[in-house]
>>> print(open('target12.cif').read())   # mmCIF, C-alpha atoms
data_start
#
loop_
_atom_site.label_atom_id
_atom_site.label_comp_id
_atom_site.auth_asym_id
_atom_site.auth_seq_id
_atom_site.Cartn_x
_atom_site.Cartn_y
_atom_site.Cartn_z
CA MET A 1389 162.77 -62.04 72.82
CA LYS A 1390 164.46 -63.20 69.60
CA MET A 1391 163.39 -59.96 67.89
CA ARG A 1392 164.89 -57.86 70.67
CA CYS A 1393 168.17 -59.79 70.48
CA PHE A 1394 168.25 -59.34 66.71
CA SER A 1395 167.62 -55.57 67.07
CA PHE A 1396 170.39 -55.30 69.64
CA LEU A 1397 172.83 -57.15 67.36
CA MET A 1398 171.90 -54.87 64.45
CA PHE A 1399 172.54 -51.84 66.68
CA LEU A 1400 175.99 -53.16 67.57
CA MET A 1401 176.80 -53.91 63.92
CA LEU A 1402 175.76 -50.44 62.83
CA GLY A 1403 177.89 -48.93 65.57
CA VAL A 1404 180.93 -50.89 64.46
CA TYR A 1405 180.27 -49.96 60.80
CA ALA A 1406 179.97 -46.26 61.69
CA PHE A 1407 183.26 -46.39 63.60
CA ALA A 1408 184.99 -48.15 60.72
CA GLN A 1409 183.72 -45.55 58.27
CA LYS A 1410 184.90 -42.73 60.51
CA ASP A 1411 188.38 -44.16 61.18
CA VAL A 1412 189.91 -43.27 57.82
CA THR A 1413 192.45 -40.73 56.62
CA GLN A 1414 191.20 -37.18 56.92
CA PHE A 1415 192.01 -33.99 55.04
CA LEU A 1416 191.16 -30.80 56.97
CA GLY A 1417 188.88 -32.90 59.16
CA ILE A 1418 187.06 -34.32 56.13
CA PRO A 1419 187.16 -38.14 55.77
CA VAL A 1420 188.81 -39.16 52.49
CA ASP A 1421 185.79 -41.26 51.66
CA GLY A 1422 182.37 -41.18 49.99
CA THR A 1423 181.66 -40.00 46.46
CA GLU A 1424 183.59 -37.32 44.62
CA ALA A 1425 180.49 -35.08 44.59
CA GLU A 1426 180.25 -35.35 48.38
CA MET A 1427 183.94 -34.55 48.78
CA VAL A 1428 183.66 -31.53 46.48
CA ARG A 1429 180.76 -30.13 48.51
CA LYS A 1430 182.68 -30.54 51.76
CA LEU A 1431 185.78 -28.91 50.28
CA GLN A 1432 183.69 -26.01 48.99
CA ALA A 1433 182.39 -25.54 52.53
CA LYS A 1434 186.04 -25.15 53.56
CA GLY A 1435 186.49 -22.35 51.02
CA PHE A 1436 187.92 -24.21 48.03
CA LYS A 1437 186.65 -23.31 44.56
CA ARG A 1438 186.05 -25.72 41.70
CA ASN A 1439 187.84 -24.98 38.43
CA SER A 1440 185.26 -26.42 36.05
CA LEU A 1441 187.52 -25.93 33.03
CA LEU A 1442 190.46 -27.92 34.41
CA GLY A 1443 188.47 -30.22 36.68
CA TRP A 1444 190.24 -29.54 39.97
CA MET A 1445 189.73 -27.56 43.17
CA GLU A 1446 191.76 -24.49 44.11
CA GLY A 1447 192.31 -22.72 47.39
CA GLU A 1448 194.71 -22.12 50.27
CA PHE A 1449 196.28 -24.83 52.38
CA ASN A 1450 199.02 -24.55 55.01
CA GLY A 1451 199.72 -20.96 53.96
CA ARG A 1452 200.03 -21.63 50.22
CA GLU A 1453 197.88 -21.52 47.11
CA VAL A 1454 197.23 -25.11 46.05
CA ILE A 1455 195.41 -27.31 43.58
CA LEU A 1456 193.42 -30.28 44.88
CA LEU A 1457 193.00 -33.42 42.79
CA ILE A 1458 190.53 -36.12 43.86
CA ALA A 1459 191.06 -39.77 42.91
CA THR A 1460 188.30 -42.38 43.13
CA ASN A 1461 187.90 -46.13 42.88
CA ASN A 1462 184.45 -47.62 42.23
CA ASN A 1463 182.99 -44.16 42.85
CA LYS A 1464 184.63 -43.92 46.29
CA VAL A 1465 187.27 -41.32 47.06
CA TRP A 1466 190.58 -42.91 48.00
CA ARG A 1467 193.00 -39.99 47.55
CA VAL A 1468 193.17 -36.22 47.85
CA ALA A 1469 196.35 -34.83 46.29
CA VAL A 1470 197.45 -31.32 47.31
CA ARG A 1471 199.76 -29.75 44.72
CA ASP A 1472 201.53 -26.38 44.93
CA LYS A 1473 199.89 -24.02 42.47
CA TRP A 1474 203.09 -22.10 41.85
CA ALA A 1475 206.47 -23.63 41.09
CA THR A 1476 209.78 -22.66 42.66
CA ASP A 1477 213.50 -23.30 42.18
CA GLU A 1478 215.76 -26.03 43.53
CA ALA A 1479 217.03 -24.11 46.57
CA ASN A 1480 213.56 -23.09 47.71
CA ILE A 1481 211.99 -26.51 47.17
CA LYS A 1482 214.69 -28.08 49.32
CA PHE A 1483 213.90 -25.61 52.11
CA ARG A 1484 210.18 -26.25 51.69
CA PHE A 1485 210.64 -30.04 51.80
CA ASN A 1486 212.67 -29.83 55.01
CA ASP A 1487 210.21 -27.40 56.56
CA LEU A 1488 207.34 -29.84 55.87
CA CYS A 1489 209.36 -32.68 57.42
CA ARG A 1490 209.72 -30.61 60.59
CA GLN A 1491 206.03 -29.67 60.61
CA PHE A 1492 204.94 -33.30 60.32
CA SER A 1493 207.46 -34.51 62.91
CA LYS A 1494 206.14 -32.16 65.60
CA ASN A 1495 202.47 -32.83 64.78
CA GLU A 1496 201.06 -35.38 67.23
CA LYS A 1497 198.53 -36.57 64.63
CA TYR A 1498 201.31 -38.28 62.68
CA ALA A 1499 203.84 -41.07 63.18
CA PRO A 1500 206.79 -41.16 60.74
CA LEU A 1501 207.55 -44.08 58.45
CA ASN A 1502 211.07 -42.90 57.74
CA ASP A 1503 214.02 -41.70 59.81
CA ASN A 1504 215.38 -38.18 59.36
CA PRO A 1505 214.07 -37.53 55.81
CA GLU A 1506 215.39 -33.95 55.74
CA LEU A 1507 217.71 -33.14 52.84
CA PRO A 1508 221.32 -32.11 53.51
CA GLU A 1509 222.38 -28.69 52.28
CA GLU A 1510 224.82 -30.17 49.75
CA GLU A 1511 222.18 -32.45 48.12
CA LYS A 1512 221.90 -31.74 44.37
CA ILE A 1513 218.29 -32.74 43.95
CA GLY A 1514 217.98 -31.57 40.33
CA TYR A 1515 220.93 -33.70 39.24
CA GLU A 1516 219.84 -36.71 41.31
CA MET A 1517 216.28 -36.62 39.97
CA LEU A 1518 217.38 -36.21 36.36
CA VAL A 1519 220.37 -38.56 36.20
CA ASN A 1520 219.66 -41.14 38.91
CA ASN A 1521 215.84 -40.96 38.95
CA LYS A 1522 216.03 -40.34 42.68
CA ARG A 1523 212.73 -39.76 44.43
CA TYR A 1524 212.44 -37.40 47.37
CA GLN A 1525 209.52 -38.23 49.64
CA SER A 1526 208.50 -38.63 53.26
CA ALA A 1527 205.65 -40.79 54.56
CA TYR A 1528 203.54 -40.88 57.74
CA TYR A 1529 200.70 -42.72 59.43
CA GLN A 1530 197.84 -40.41 60.36
CA SER A 1531 196.40 -40.65 63.89
CA PRO A 1532 197.81 -44.14 64.39
CA LYS A 1533 195.93 -46.48 66.68
CA ASP A 1534 198.29 -47.54 69.47
CA VAL A 1535 199.26 -51.15 70.14
CA ILE A 1536 197.99 -50.85 73.72
CA THR A 1537 194.46 -50.22 72.43
CA LEU A 1538 194.28 -53.65 70.79
CA SER A 1539 191.68 -55.97 72.27
CA GLU A 1540 192.54 -59.45 73.54
CA GLU A 1541 190.85 -60.88 70.45
CA GLU A 1542 193.01 -58.74 68.12
CA ARG A 1543 196.19 -59.68 69.98
CA THR A 1544 195.33 -63.37 69.69
CA LEU A 1545 194.52 -62.91 66.00
CA ALA A 1546 197.89 -61.22 65.49
CA LEU A 1547 199.61 -64.23 67.04
CA SER A 1548 197.57 -66.58 64.82
CA GLU A 1549 198.55 -64.69 61.66
CA ALA A 1550 202.19 -64.93 62.76
CA GLY A 1551 201.93 -68.73 62.96
CA LEU A 1552 201.01 -69.10 66.64
CA LYS A 1553 197.54 -70.51 66.05
CA ASP A 1554 195.26 -71.16 69.05
CA THR A 1555 197.61 -69.14 71.27
CA SER A 1556 195.86 -66.66 73.52
CA TRP A 1557 197.75 -63.44 74.29
CA ASP A 1558 196.67 -63.61 77.93
CA SER A 1559 198.14 -67.09 78.20
CA LEU A 1560 201.67 -65.81 77.50
CA THR A 1561 204.18 -65.02 80.23
CA LEU A 1562 205.57 -61.48 80.53
CA GLU A 1563 208.79 -62.56 78.81
CA GLU A 1564 206.83 -64.16 75.96
CA LYS A 1565 204.72 -61.03 75.56
CA ILE A 1566 207.84 -58.89 75.28
CA GLU A 1567 209.23 -61.34 72.72
CA GLN A 1568 206.01 -61.26 70.67
CA THR A 1569 205.51 -57.46 70.77
CA PRO A 1570 206.99 -57.07 67.23
CA VAL A 1571 204.18 -59.36 66.05
CA LEU A 1572 201.64 -56.86 67.38
CA VAL A 1573 203.47 -53.96 65.75
CA TYR A 1574 203.45 -55.77 62.39
CA TYR A 1575 199.74 -56.50 62.83
CA MET A 1576 199.02 -52.82 63.56
CA ALA A 1577 201.02 -51.70 60.55
CA ASP A 1578 199.19 -54.09 58.24
CA LYS A 1579 195.64 -53.69 59.58
CA TYR A 1580 195.53 -50.04 60.64
CA TRP A 1581 198.55 -47.83 60.10
CA SER A 1582 199.10 -48.66 56.42
CA LYS A 1583 195.46 -47.77 55.67
CA LYS A 1584 195.84 -44.15 56.81
CA MET A 1585 198.81 -42.89 54.85
CA VAL A 1586 199.84 -39.27 54.30
CA TRP A 1587 202.99 -38.63 52.32
CA PHE A 1588 204.57 -35.92 50.22
CA MET A 1589 207.16 -35.70 47.48
CA ILE A 1590 209.03 -33.26 45.29
CA SER A 1591 207.62 -33.03 41.77
CA LYS A 1592 209.93 -31.78 39.00
CA ASP A 1593 209.02 -30.42 35.57
CA ALA A 1594 212.09 -29.05 33.75
CA ASN A 1595 213.49 -26.56 36.29
CA ASP A 1596 210.18 -26.10 38.06
CA TYR A 1597 209.69 -27.78 41.42
CA ARG A 1598 206.56 -28.33 43.47
CA ILE A 1599 205.50 -30.24 46.55
CA VAL A 1600 202.61 -32.70 46.25
CA ILE A 1601 201.01 -34.06 49.45
CA TYR A 1602 198.89 -37.21 49.22
CA TYR A 1603 196.12 -38.06 51.71
CA ASP A 1604 195.34 -41.73 51.01
CA ASN A 1605 192.51 -43.91 52.26
CA GLU A 1606 193.87 -47.35 51.45
CA TYR A 1607 190.58 -48.99 52.45
CA ASN A 1608 189.15 -47.60 49.17
CA HIS A 1609 192.25 -48.06 47.01
CA ALA A 1610 192.04 -50.62 44.19
CA ASP A 1611 193.51 -53.97 45.22
CA GLY A 1612 192.98 -56.05 42.09
CA GLU A 1613 189.29 -56.70 42.74
CA ASP A 1614 188.39 -55.58 39.21
CA LEU A 1615 190.93 -57.80 37.45
#
>>> encode(input="target12.cif", output="structure tokens")
Amino acid sequence: MKMRCFSFLMFLMLGVYAFAQKDVTQFLGIPVDGTEAEMVRKLQAKGFKRNSLLGWMEGEFNGREVILLIATNNNKVWRVAVRDKWATDEANIKFRFNDLCRQFSKNEKYAPLNDNPELPEEEKIGYEMLVNNKRYQSAYYQSPKDVITLSEEERTLALSEAGLKDTSWDSLTLEEKIEQTPVLVYYMADKYWSKKMVWFMISKDANDYRIVIYYDNEYNHADGEDL
């Protein structure tokens, strides 16, 4: 009997572990996770080629020729960076930035972290980047887990972390639940949304401009554990 209970518990633990491993940022349906060699093989299956001389991957993404750079931490992939292979001028990069903002905003897989990031027509991005070190970027949560999917245990934990220890979510009145909803949102942002970040920025080199898109798995990102 004890052995059967132990086996059942192990089955549950493995199931939870598998779900946790799967629920990470994805690039083209590939989890940003595992070793670099594994990621390279999966990207090659998608048609990307490895440039052995320069150490990056090359291929087509979202209708453009791009370079893929893979970043690891403790031999685990935590970032895939997608960089335009060919540079463009200031006018075209502004159009491209705004077009990407619109593409992300209408994609149901993403929730924005910023309001109306599109650049106005009169914005002098070259001047602003050079003189004022201004950074042009837009960030999103990928496939965000919704607050309504939180379990009772998670809701109670969120209250505890906000200073309401030993307070059960189910014990609150409707008015109290409405009042404490921002606590749940903060909990979601910290525990889930912030771990599945996708963001892009304008990169400038002299008068050459490119877009770089970052697919980050913050579960694997260094957090001072090696210090």
>>> residues_around(input="target12.cif", residues="Phe1483 of chain A", least_positions_apart="3", cutoff="10 Å", atoms="all atoms listed in the file", output="PDB file with C-alpha atoms, in the coordinates of the input")
ATOM      1  CA  GLU A1478     215.760 -26.030  43.530  1.00  0.00           C
ATOM      2  CA  ALA A1479     217.030 -24.110  46.570  1.00  0.00           C
ATOM      3  CA  ASN A1480     213.560 -23.090  47.710  1.00  0.00           C
ATOM      4  CA  ASN A1486     212.670 -29.830  55.010  1.00  0.00           C
ATOM      5  CA  ASP A1487     210.210 -27.400  56.560  1.00  0.00           C
ATOM      6  CA  LEU A1488     207.340 -29.840  55.870  1.00  0.00           C
ATOM      7  CA  CYS A1489     209.360 -32.680  57.420  1.00  0.00           C
ATOM      8  CA  GLU A1506     215.390 -33.950  55.740  1.00  0.00           C
ATOM      9  CA  LEU A1507     217.710 -33.140  52.840  1.00  0.00           C
ATOM     10  CA  PRO A1508     221.320 -32.110  53.510  1.00  0.00           C
ATOM     11  CA  GLU A1509     222.380 -28.690  52.280  1.00  0.00           C
TER      12      GLU A1509
END
>>> closest_residue(input="target12.cif", among="A:Leu1552, A:Ile1481, A:Ile1566, A:Leu1615", to="Asn1595 of chain A", atoms="only C-alpha atoms")
A:Ile1481
>>> resolve_selection(input="target12.cif", expression="the PyMOL selection byres ((chain A and resi 1523) around 9)", output="PyMOL selection string")
chain A and resi 1513+1516-1517+1520-1522+1524-1525+1589-1591
>>> atom_distance(input="target12.cif", atom1="atom CA of Tyr1515 of chain A", atom2="atom CA of Val1600 of chain A")
19.6 Å
>>> axis_aligned_box(input="target12.cif", around="segment 1575-1593 of chain A", padding_each_side="5 Å", output="lines of an AutoDock Vina configuration file")
center_x = 202.7
center_y = -43.5
center_z = 49.6
size_x = 24.5
size_y = 36.1
size_z = 38.0
>>> resolve_selection(input="target12.cif", expression="the PyMOL selection byres ((chain A and resi 1492) around 12)", output="number ranges by chain")
A: 1450, 1485-1491, 1493-1502, 1504-1506, 1526-1531, 1586-1588, 1601
>>> resolve_selection(input="target12.cif", expression="the PyMOL selection byres ((chain A and resi 1557) around 6)", output="PyMOL selection string")
chain A and resi 1543-1544+1556+1558-1560
>>> atom_distance(input="target12.cif", atom1="atom CA of Gly1612 of chain A", atom2="atom CA of Leu1457 of chain A")
22.6 Å
>>> atom_distance(input="target12.cif", atom1="atom CA of Lys1430 of chain A", atom2="atom CA of Glu1448 of chain A")
14.8 Å
>>> closest_residue(input="target12.cif", among="A:Val1519, A:Val1470, A:Ile1536, A:Ala1459", to="Phe1436 of chain A", atoms="all atoms listed in the file")
A:Val1470
>>> residues_near_point(input="target12.cif", point="(193.0, -36.1, 57.0)", cutoff="10 Å", atoms="all atoms listed in the file", output="NGL selection string")
:A and (1412-1420 or 1468 or 1497 or 1530-1531 or 1584-1586 or 1602-1605)
>>> residues_around(input="target12.cif", residues="segment 1545-1549 of chain A", least_positions_apart="3", cutoff="8 Å", atoms="all atoms listed in the file", output="MDAnalysis selection string")
chainID A and resid 1541:1542 1552:1557 1568 1571:1572 1575
>>> closest_residue(input="target12.cif", among="A:Asp1411, A:Glu1446, A:Asp1593, A:Glu1511", to="Val1428 of chain A", atoms="all atoms listed in the file")
A:Glu1446
>>> residues_near_point(input="target12.cif", point="(191.2, -49.0, 49.3)", cutoff="10 Å", atoms="all atoms listed in the file", output="list in words")
Asp1421, Thr1460, Asn1461, Asn1462, Lys1464, Val1465, Trp1466, Arg1467, Lys1583, Asp1604, Asn1605, Glu1606, Tyr1607, Asn1608, His1609, Ala1610 and Asp1611 of chain A
>>> build_atoms(input="target12.cif", residues="segment 1478-1492 of chain A", atoms="N, CA, C and O atoms", output="PDB file, in the coordinates of the input")
ATOM      1  N   GLU A1478     215.203 -24.908  42.779  1.00  0.00           N
ATOM      2  CA  GLU A1478     215.760 -26.030  43.530  1.00  0.00           C
ATOM      3  C   GLU A1478     216.069 -25.669  44.979  1.00  0.00           C
ATOM      4  O   GLU A1478     215.767 -26.437  45.902  1.00  0.00           O
ATOM      5  N   ALA A1479     216.663 -24.506  45.204  1.00  0.00           N
ATOM      6  CA  ALA A1479     217.030 -24.110  46.570  1.00  0.00           C
ATOM      7  C   ALA A1479     215.802 -23.955  47.451  1.00  0.00           C
ATOM      8  O   ALA A1479     215.783 -24.413  48.600  1.00  0.00           O
ATOM      9  N   ASN A1480     214.762 -23.335  46.921  1.00  0.00           N
ATOM     10  CA  ASN A1480     213.560 -23.090  47.710  1.00  0.00           C
ATOM     11  C   ASN A1480     212.754 -24.374  47.953  1.00  0.00           C
ATOM     12  O   ASN A1480     212.147 -24.539  49.013  1.00  0.00           O
ATOM     13  N   ILE A1481     212.754 -25.282  46.972  1.00  0.00           N
ATOM     14  CA  ILE A1481     211.990 -26.510  47.170  1.00  0.00           C
ATOM     15  C   ILE A1481     212.661 -27.392  48.228  1.00  0.00           C
ATOM     16  O   ILE A1481     211.977 -28.107  48.979  1.00  0.00           O
ATOM     17  N   LYS A1482     213.979 -27.322  48.296  1.00  0.00           N
ATOM     18  CA  LYS A1482     214.690 -28.080  49.320  1.00  0.00           C
ATOM     19  C   LYS A1482     214.325 -27.548  50.710  1.00  0.00           C
ATOM     20  O   LYS A1482     214.069 -28.319  51.644  1.00  0.00           O
ATOM     21  N   PHE A1483     214.291 -26.228  50.836  1.00  0.00           N
ATOM     22  CA  PHE A1483     213.900 -25.610  52.110  1.00  0.00           C
ATOM     23  C   PHE A1483     212.461 -25.975  52.455  1.00  0.00           C
ATOM     24  O   PHE A1483     212.151 -26.308  53.597  1.00  0.00           O
ATOM     25  N   ARG A1484     211.588 -25.934  51.462  1.00  0.00           N
ATOM     26  CA  ARG A1484     210.180 -26.250  51.690  1.00  0.00           C
ATOM     27  C   ARG A1484     209.989 -27.711  52.091  1.00  0.00           C
ATOM     28  O   ARG A1484     209.200 -28.017  52.988  1.00  0.00           O
ATOM     29  N   PHE A1485     210.715 -28.613  51.454  1.00  0.00           N
ATOM     30  CA  PHE A1485     210.640 -30.040  51.800  1.00  0.00           C
ATOM     31  C   PHE A1485     211.050 -30.257  53.253  1.00  0.00           C
ATOM     32  O   PHE A1485     210.355 -30.933  54.017  1.00  0.00           O
ATOM     33  N   ASN A1486     212.178 -29.671  53.640  1.00  0.00           N
ATOM     34  CA  ASN A1486     212.670 -29.830  55.010  1.00  0.00           C
ATOM     35  C   ASN A1486     211.728 -29.201  56.025  1.00  0.00           C
ATOM     36  O   ASN A1486     211.539 -29.734  57.125  1.00  0.00           O
ATOM     37  N   ASP A1487     211.149 -28.068  55.667  1.00  0.00           N
ATOM     38  CA  ASP A1487     210.210 -27.400  56.560  1.00  0.00           C
ATOM     39  C   ASP A1487     208.970 -28.283  56.787  1.00  0.00           C
ATOM     40  O   ASP A1487     208.470 -28.400  57.911  1.00  0.00           O
ATOM     41  N   LEU A1488     208.482 -28.928  55.729  1.00  0.00           N
ATOM     42  CA  LEU A1488     207.340 -29.840  55.870  1.00  0.00           C
ATOM     43  C   LEU A1488     207.696 -31.043  56.737  1.00  0.00           C
ATOM     44  O   LEU A1488     206.880 -31.492  57.552  1.00  0.00           O
ATOM     45  N   CYS A1489     208.912 -31.564  56.584  1.00  0.00           N
ATOM     46  CA  CYS A1489     209.360 -32.680  57.420  1.00  0.00           C
ATOM     47  C   CYS A1489     209.300 -32.290  58.888  1.00  0.00           C
ATOM     48  O   CYS A1489     208.833 -33.068  59.735  1.00  0.00           O
ATOM     49  N   ARG A1490     209.742 -31.063  59.205  1.00  0.00           N
ATOM     50  CA  ARG A1490     209.720 -30.610  60.590  1.00  0.00           C
ATOM     51  C   ARG A1490     208.291 -30.404  61.086  1.00  0.00           C
ATOM     52  O   ARG A1490     207.965 -30.715  62.236  1.00  0.00           O
ATOM     53  N   GLN A1491     207.429 -29.887  60.222  1.00  0.00           N
ATOM     54  CA  GLN A1491     206.030 -29.670  60.610  1.00  0.00           C
ATOM     55  C   GLN A1491     205.335 -30.994  60.930  1.00  0.00           C
ATOM     56  O   GLN A1491     204.609 -31.108  61.917  1.00  0.00           O
ATOM     57  N   PHE A1492     205.557 -31.997  60.083  1.00  0.00           N
ATOM     58  CA  PHE A1492     204.940 -33.300  60.320  1.00  0.00           C
ATOM     59  C   PHE A1492     205.505 -33.966  61.574  1.00  0.00           C
ATOM     60  O   PHE A1492     204.771 -34.607  62.330  1.00  0.00           O
TER      61      PHE A1492
END
